[in-house]
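Q: The structure file run-v8.txt (compact mmCIF, C-alpha atoms) is provided below.
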# COMPACT_ATOMS: atom_id res chain seq x y z
CA MET A 268 -23.12 7.43 47.51
CA ARG A 269 -21.82 4.94 50.02
CA GLU A 270 -23.86 4.92 53.22
CA GLY A 271 -22.13 6.57 56.17
CA ILE A 272 -19.38 8.32 54.19
CA VAL A 273 -20.65 11.82 55.01
CA GLU A 274 -20.80 10.97 58.70
CA ILE A 275 -17.18 9.71 58.58
CA PHE A 276 -16.01 13.06 57.18
CA GLN A 277 -18.13 15.03 59.65
CA GLU A 278 -16.72 13.10 62.61
CA THR A 279 -13.18 13.46 61.32
CA TYR A 280 -13.71 17.20 60.81
CA SER A 281 -14.86 17.55 64.43
CA GLU A 282 -11.79 15.64 65.63
CA LEU A 283 -9.45 17.96 63.74
CA ARG A 284 -11.39 21.19 64.41
CA PRO A 285 -13.41 20.65 67.61
CA ALA A 286 -14.23 24.35 67.98
CA ALA A 287 -15.74 24.69 64.50
CA SER A 288 -18.99 23.41 63.04
CA PRO A 289 -18.60 21.08 60.06
CA PRO A 290 -19.46 22.81 56.77
CA GLU A 291 -21.80 21.34 54.19
CA LEU A 292 -20.17 18.33 52.52
CA LYS A 293 -20.57 17.01 49.03
CA ILE A 294 -18.78 13.69 48.55
CA GLU A 295 -18.73 11.59 45.41
CA PHE A 296 -16.80 8.63 44.05
CA PHE A 297 -15.32 9.70 40.73
CA ALA A 298 -13.91 7.74 37.80
CA PHE A 299 -10.38 9.17 37.86
CA ALA A 300 -7.75 7.73 35.52
CA ASN A 301 -5.53 7.20 38.56
CA LEU A 302 -5.99 6.52 42.26
CA ASN A 303 -6.70 10.18 43.05
CA ASN A 304 -8.59 11.92 45.84
CA THR A 305 -9.31 15.65 45.93
CA ILE A 306 -10.85 18.15 48.37
CA ARG A 307 -11.81 21.78 47.74
CA LEU A 308 -13.58 24.49 49.69
CA ARG A 309 -16.00 26.52 47.58
CA ASP A 310 -18.54 29.01 48.88
CA GLY A 311 -18.28 27.52 52.35
CA ARG A 312 -18.92 23.97 51.12
CA LEU A 313 -16.39 21.14 51.07
CA LEU A 314 -16.31 19.27 47.76
CA VAL A 315 -14.67 15.84 48.00
CA ARG A 316 -13.95 13.50 45.13
CA LEU A 317 -12.67 10.00 45.89
CA SER A 318 -11.43 7.45 43.38
CA ASP A 319 -14.17 4.95 42.61
CA LEU A 320 -11.57 2.24 43.27
CA LEU A 321 -12.01 3.09 46.95
CA GLU A 322 -15.78 2.71 47.07
CA GLY A 323 -15.46 -0.78 48.54
CA ALA A 324 -12.69 0.13 50.99
CA PRO A 325 -13.15 -0.82 54.68
CA GLU A 326 -14.46 1.87 56.99
CA ASN A 327 -11.10 2.29 58.74
CA VAL A 328 -9.48 3.06 55.38
CA LEU A 329 -12.16 5.62 54.55
CA ARG A 330 -11.55 7.24 57.94
CA ALA A 331 -7.85 7.37 57.11
CA ILE A 332 -8.63 9.07 53.78
CA ALA A 333 -10.94 11.56 55.50
CA HIS A 334 -8.24 12.38 58.04
CA ILE A 335 -5.55 12.84 55.38
CA LEU A 336 -7.68 15.05 53.12
CA LEU A 337 -9.08 17.23 55.90
CA ALA A 338 -5.70 17.55 57.61
CA LYS A 339 -4.18 18.76 54.34
CA MET A 340 -7.11 21.09 53.76
CA TYR A 341 -6.72 22.79 57.13
CA ARG A 342 -2.94 22.42 57.44
CA LYS A 343 -3.04 20.03 60.35
CA PRO A 344 -0.39 17.34 60.99
CA ILE A 345 -1.29 13.97 59.52
CA GLU A 346 -1.15 11.17 62.05
CA ARG A 347 1.27 8.45 61.01
CA SER A 348 -1.19 5.63 61.76
CA TYR A 349 -3.69 7.01 59.24
CA ALA A 350 -1.04 7.55 56.58
CA THR A 351 0.29 4.01 57.07
CA ARG A 352 -3.18 2.48 56.95
CA TYR A 353 -4.03 4.23 53.68
CA ARG A 354 -0.63 3.53 52.09
CA LYS A 355 -0.85 -0.15 52.98
CA TYR A 356 -4.33 -0.47 51.47
CA VAL A 357 -3.56 1.22 48.15
CA ALA A 358 -0.29 -0.73 47.88
CA SER A 359 -2.10 -4.07 48.18
CA HIS A 360 -1.82 -6.32 45.15
CA GLU A 361 -5.55 -6.16 44.43
CA ILE A 362 -5.73 -2.36 44.40
CA VAL A 363 -2.49 -2.03 42.42
CA ARG A 364 -3.86 -4.48 39.82
CA LYS A 365 -7.14 -2.59 39.57
CA ALA A 366 -5.34 0.76 39.33
CA HIS A 367 -3.20 -0.49 36.45
CA LEU A 368 -6.28 -1.77 34.65
CA VAL A 369 -8.08 1.54 35.16
CA ARG A 370 -5.11 3.45 33.79
CA GLN A 371 -5.11 1.25 30.71
CA ILE A 372 -8.82 1.83 30.12
CA ARG A 373 -9.22 5.46 31.15
CA GLY A 374 -5.77 6.94 30.98
CA ARG A 375 -4.35 8.61 27.93
CA LYS A 376 -0.77 7.82 27.05
CA ARG A 377 0.50 9.81 24.12
CA LEU A 378 3.54 7.97 22.84
CA ARG A 379 5.95 9.26 20.23
CA SER A 380 8.06 7.39 17.73
CA PRO A 381 11.04 5.47 19.12
CA GLN A 382 13.07 6.80 16.19
CA GLY A 383 14.69 10.09 17.17
CA HIS A 384 16.87 12.45 15.20
CA PHE A 385 20.06 10.81 16.50
CA TYR A 386 19.08 7.68 18.43
CA ASP A 387 16.65 4.81 17.82
CA LEU A 388 15.29 3.59 21.14
CA GLU A 389 14.11 0.24 19.79
CA ALA A 390 17.57 -0.49 18.38
CA ILE A 391 19.18 0.49 21.70
CA PHE A 392 16.74 -1.74 23.62
CA GLU A 393 17.49 -4.74 21.41
CA ASP A 394 21.24 -4.21 21.70
CA LEU A 395 21.07 -3.96 25.50
CA ASN A 396 18.70 -6.92 25.66
CA THR A 397 21.24 -9.07 23.85
CA ARG A 398 24.26 -7.83 25.81
CA PHE A 399 22.82 -7.90 29.33
CA PHE A 400 19.58 -9.91 29.40
CA HIS A 401 20.32 -12.81 27.01
CA GLY A 402 17.58 -11.44 24.73
CA LEU A 403 14.91 -12.61 27.21
CA LEU A 404 13.12 -9.32 27.91
CA ALA A 405 10.01 -8.75 25.81
CA ARG A 406 10.32 -5.31 24.31
CA PRO A 407 7.70 -2.85 25.59
CA ARG A 408 6.56 0.16 23.62
CA MET A 409 9.45 2.58 23.31
CA SER A 410 8.93 6.33 23.03
CA TRP A 411 10.71 9.63 23.27
CA SER A 412 9.02 12.13 25.57
CA GLN A 413 6.99 14.97 24.11
CA THR A 414 9.33 17.62 25.54
CA ARG A 415 13.02 17.92 26.41
CA THR A 416 12.36 17.49 30.12
CA ARG A 417 15.18 17.27 32.66
CA ARG A 418 12.81 16.64 35.55
CA MET A 419 12.10 13.05 34.50
CA LEU A 420 14.87 11.55 32.40
CA GLY A 421 13.06 8.25 31.83
CA HIS A 422 10.38 6.02 33.26
CA TYR A 423 8.75 2.65 32.76
CA ASP A 424 4.94 2.70 32.77
CA PRO A 425 3.70 -0.82 33.63
CA ALA A 426 0.05 0.08 33.01
CA HIS A 427 0.81 0.86 29.36
CA ASN A 428 3.90 -1.36 29.11
CA ALA A 429 5.98 1.50 27.79
CA ILE A 430 9.43 2.96 28.36
CA ILE A 431 9.59 6.71 27.80
CA ILE A 432 12.95 8.49 27.55
CA SER A 433 13.37 12.26 27.77
CA ARG A 434 13.96 13.85 24.39
CA VAL A 435 16.83 15.78 25.95
CA PHE A 436 18.98 12.69 25.21
CA ASP A 437 18.22 12.74 21.48
CA HIS A 438 21.04 15.13 20.67
CA PHE A 439 24.38 14.82 18.93
CA CYS A 440 26.19 16.12 22.04
CA VAL A 441 24.85 13.26 24.17
CA PRO A 442 27.15 10.20 24.16
CA ARG A 443 25.51 6.89 23.32
CA TYR A 444 26.53 5.34 26.64
CA ALA A 445 24.40 7.96 28.49
CA VAL A 446 21.31 7.04 26.46
CA GLU A 447 22.08 3.36 26.94
CA TYR A 448 22.33 3.79 30.68
CA ILE A 449 18.92 5.49 30.95
CA VAL A 450 17.30 2.77 28.82
CA TYR A 451 19.15 0.06 30.79
CA HIS A 452 17.87 1.52 34.06
CA GLU A 453 14.27 1.40 32.81
CA MET A 454 14.80 -2.15 31.52
CA LEU A 455 15.73 -3.12 35.07
CA HIS A 456 12.36 -1.76 36.20
CA LEU A 457 10.82 -4.05 33.60
CA LYS A 458 12.77 -7.03 34.96
CA HIS A 459 12.38 -6.14 38.66
CA PRO A 460 8.82 -4.86 39.26
CA VAL A 461 7.98 -2.80 42.32
CA ARG A 462 7.69 -4.95 45.44
CA LEU A 463 5.76 -4.40 48.63
CA ARG A 464 7.51 -4.49 51.99
CA GLY A 465 4.77 -4.12 54.54
CA SER A 466 3.06 -0.86 53.64
CA ARG A 467 5.98 0.49 51.63
CA ARG A 468 6.83 0.13 47.96
CA CYS A 469 10.33 -1.06 47.16
CA VAL A 470 11.19 0.53 43.80
CA HIS A 471 14.90 -0.28 43.66
CA SER A 472 15.43 -3.67 45.25
CA ALA A 473 18.83 -5.06 46.19
CA GLU A 474 18.75 -7.20 43.03
CA PHE A 475 17.93 -4.10 40.97
CA GLN A 476 20.82 -2.14 42.44
CA ALA A 477 23.25 -5.02 42.00
CA GLU A 478 22.42 -5.36 38.31
CA GLU A 479 22.59 -1.62 37.78
CA LYS A 480 26.22 -1.69 38.91
CA LEU A 481 26.98 -4.13 36.07
CA PHE A 482 26.55 -1.37 33.49
CA PRO A 483 30.14 -1.00 32.22
CA ARG A 484 30.22 2.79 31.93
CA LEU A 485 28.12 3.58 34.98
CA ALA A 486 30.53 6.14 36.47
CA GLU A 487 30.84 8.00 33.16
CA ALA A 488 27.08 7.99 32.67
CA ASN A 489 26.41 9.36 36.15
CA ALA A 490 29.06 12.03 35.68
CA PHE A 491 27.42 13.08 32.41
CA LEU A 492 23.96 13.19 34.02
CA LYS A 493 25.27 15.52 36.73
CA ARG A 494 26.39 17.94 34.02
CA LEU A 495 23.14 17.67 32.06
In structure tokens, what does this structure look like?
A:
Amino acid sequence: MREGIVEIFQETYSELRPAASPPELKIEFFAFANLNNTIRLRDGRLLVRLSDLLEGAPENVLRAIAHILLAKMYRKPIERSYATRYRKYVASHEIVRKAHLVRQIRGRKRLRSPQGHFYDLEAIFEDLNTRFFHGLLARPRMSWSQTRTRRMLGHYDPAHNAIIISRVFDHFCVPRYAVEYIVYHEMLHLKHPVRLRGSRRCVHSAEFQAEEKLFPRLAEANAFLKRL
């Protein structure tokens, strides 16, 4: 246990709830697969688990984490300065690099075959790569999702270098241009990685958005997605 961490949480608790006595605290750094932090109240004791990636964080960052977790626990407003401080730290290049490495080592990524019943994702990637990227993008692992989810239609996972497309698109009623657009969008994430602007992550940069507009059947694809 890092020295002083319990005192940081006790002091933060008193700041948020000055009329109450701090409960017993159990705090540990845990080997999560992602940059997670959790807090629970059990039998009058607060149980806190922090990502072990944060064990070397500066004291002001730990105070920000304590404030955020305790504020959420007791439904208090989170001060913007604490949220910004924490977001800026975890968005730093060093922490992002470590988080990706941890996900590769600890995380489980169950990938399916790129060959669906109606569409082959690898074939679609190669066709789009030739048509729009001069064949210069290295193909990541391609996979259909495990379920026919409409919540997440597709995503690029940089930690596992994989593009996953919702199985809802592997259907004879889905036009090829709609599948192509979803894959094309994720290929743009491959070409234009997330950037940091101060403490904020820029997921869809101006360059990303400009290239997305080059997809020839963009309007038709978006219209189809709205009906999906």
Q: Please provide the set of residues having any atom within 9 Å of Ala390 (chain A), restricted to all atoms listed in the file, with same-chain residues fewer than 5 positions apart removed, written as a ChimeraX atom specification.
A: /A:381-382,395
Q: Select, from A:Val369, A:Arg494, A:Val328, A:Ala333, the residue with the minimum atom-to-atom distance to Lys355 (chain A), counting only C-alpha atoms.
A: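 Closest to Lys355 (chain A), using only C-alpha atoms: A:Val328.
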Q: Check which residues of region 294-397 of chain A sit at most 10 Å from region 438-450 of chain A using only C-alpha atoms, and return one row each with the closest pair of atoms and their distance in Å to one decimal, ordered by chain and rising number, as a tab-separated table.
A:
residue	atom	partner	partner_atom	distance
A:Gly383	CA	A:His438	CA	8.8
A:His384	CA	A:His438	CA	7.4
A:Phe385	CA	A:His438	CA	6.1
A:Tyr386	CA	A:His438	CA	8.0
A:Leu388	CA	A:Val450	CA	8.0
A:Glu389	CA	A:Val450	CA	9.9
A:Ile391	CA	A:Glu447	CA	6.6
A:Phe392	CA	A:Val450	CA	6.9
A:Asp394	CA	A:Glu447	CA	9.2
A:Leu395	CA	A:Glu447	CA	7.5
Q: Please compute the CA of Val470 (chain A)-CA of Ala429 (chain A) distance, one decimal, in Å.
A: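 Taking CA of Val470 (chain A) as the start and CA of Ala429 (chain A) as the end point, the length is 16.9 Å.
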Q: Between A:Leu317, A:Ala405, A:Leu283, A:Ile332, which has the minimum distance to Phe297 (chain A) (counting only C-alpha atoms)?
A: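 Comparing A:Leu317, A:Ala405, A:Leu283, A:Ile332 against Phe297 (chain A), the winner is A:Leu317.
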Q: Enter the distance from CA of Ile294 (chain A) to CA of Val315 (chain A), in Å, rounded to one decimal.
A: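 Computing it gives 4.7 Å between the two atoms.
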Q: Tell me, as JSON, numbers by chain, which residues lie within 8 Å of region 287-292 of chain A, counting only C-alpha atoms; anything in the same chain fewer than 5 positions away does not count.
A: {"A": [273, 277, 280, 281, 311, 312, 313, 314, 315]}
Q: Tell me, in Å to one decimal, how far CA of Gln413 (chain A) is from CA of Val435 (chain A).
A: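 These two atoms are separated by 10.0 Å.
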Q: Could you give me, as a PyMOL selection string, the residues within 12 Å of Leu321 (chain A), counting only C-alpha atoms and dropping anything in the same chain fewer than 6 positions from it?
A: chain A and resi 268-269+272+295-299+301-304+327-332+353+356-357+361-363+365-366
Q: Might you pull out every residue within 10 Å of His334 (chain A), with only C-alpha atoms counted and same-chain residues fewer than 3 positions away left off, and present them as a list in words?
A: Ile275, Phe276, Glu278, Thr279, Tyr280, Glu282, Leu283, Val328, Leu329, Arg330, Ala331, Leu337, Ala338, Lys339, Met340, Lys343, Pro344, Ile345, Glu346, Tyr349 and Ala350 of chain A
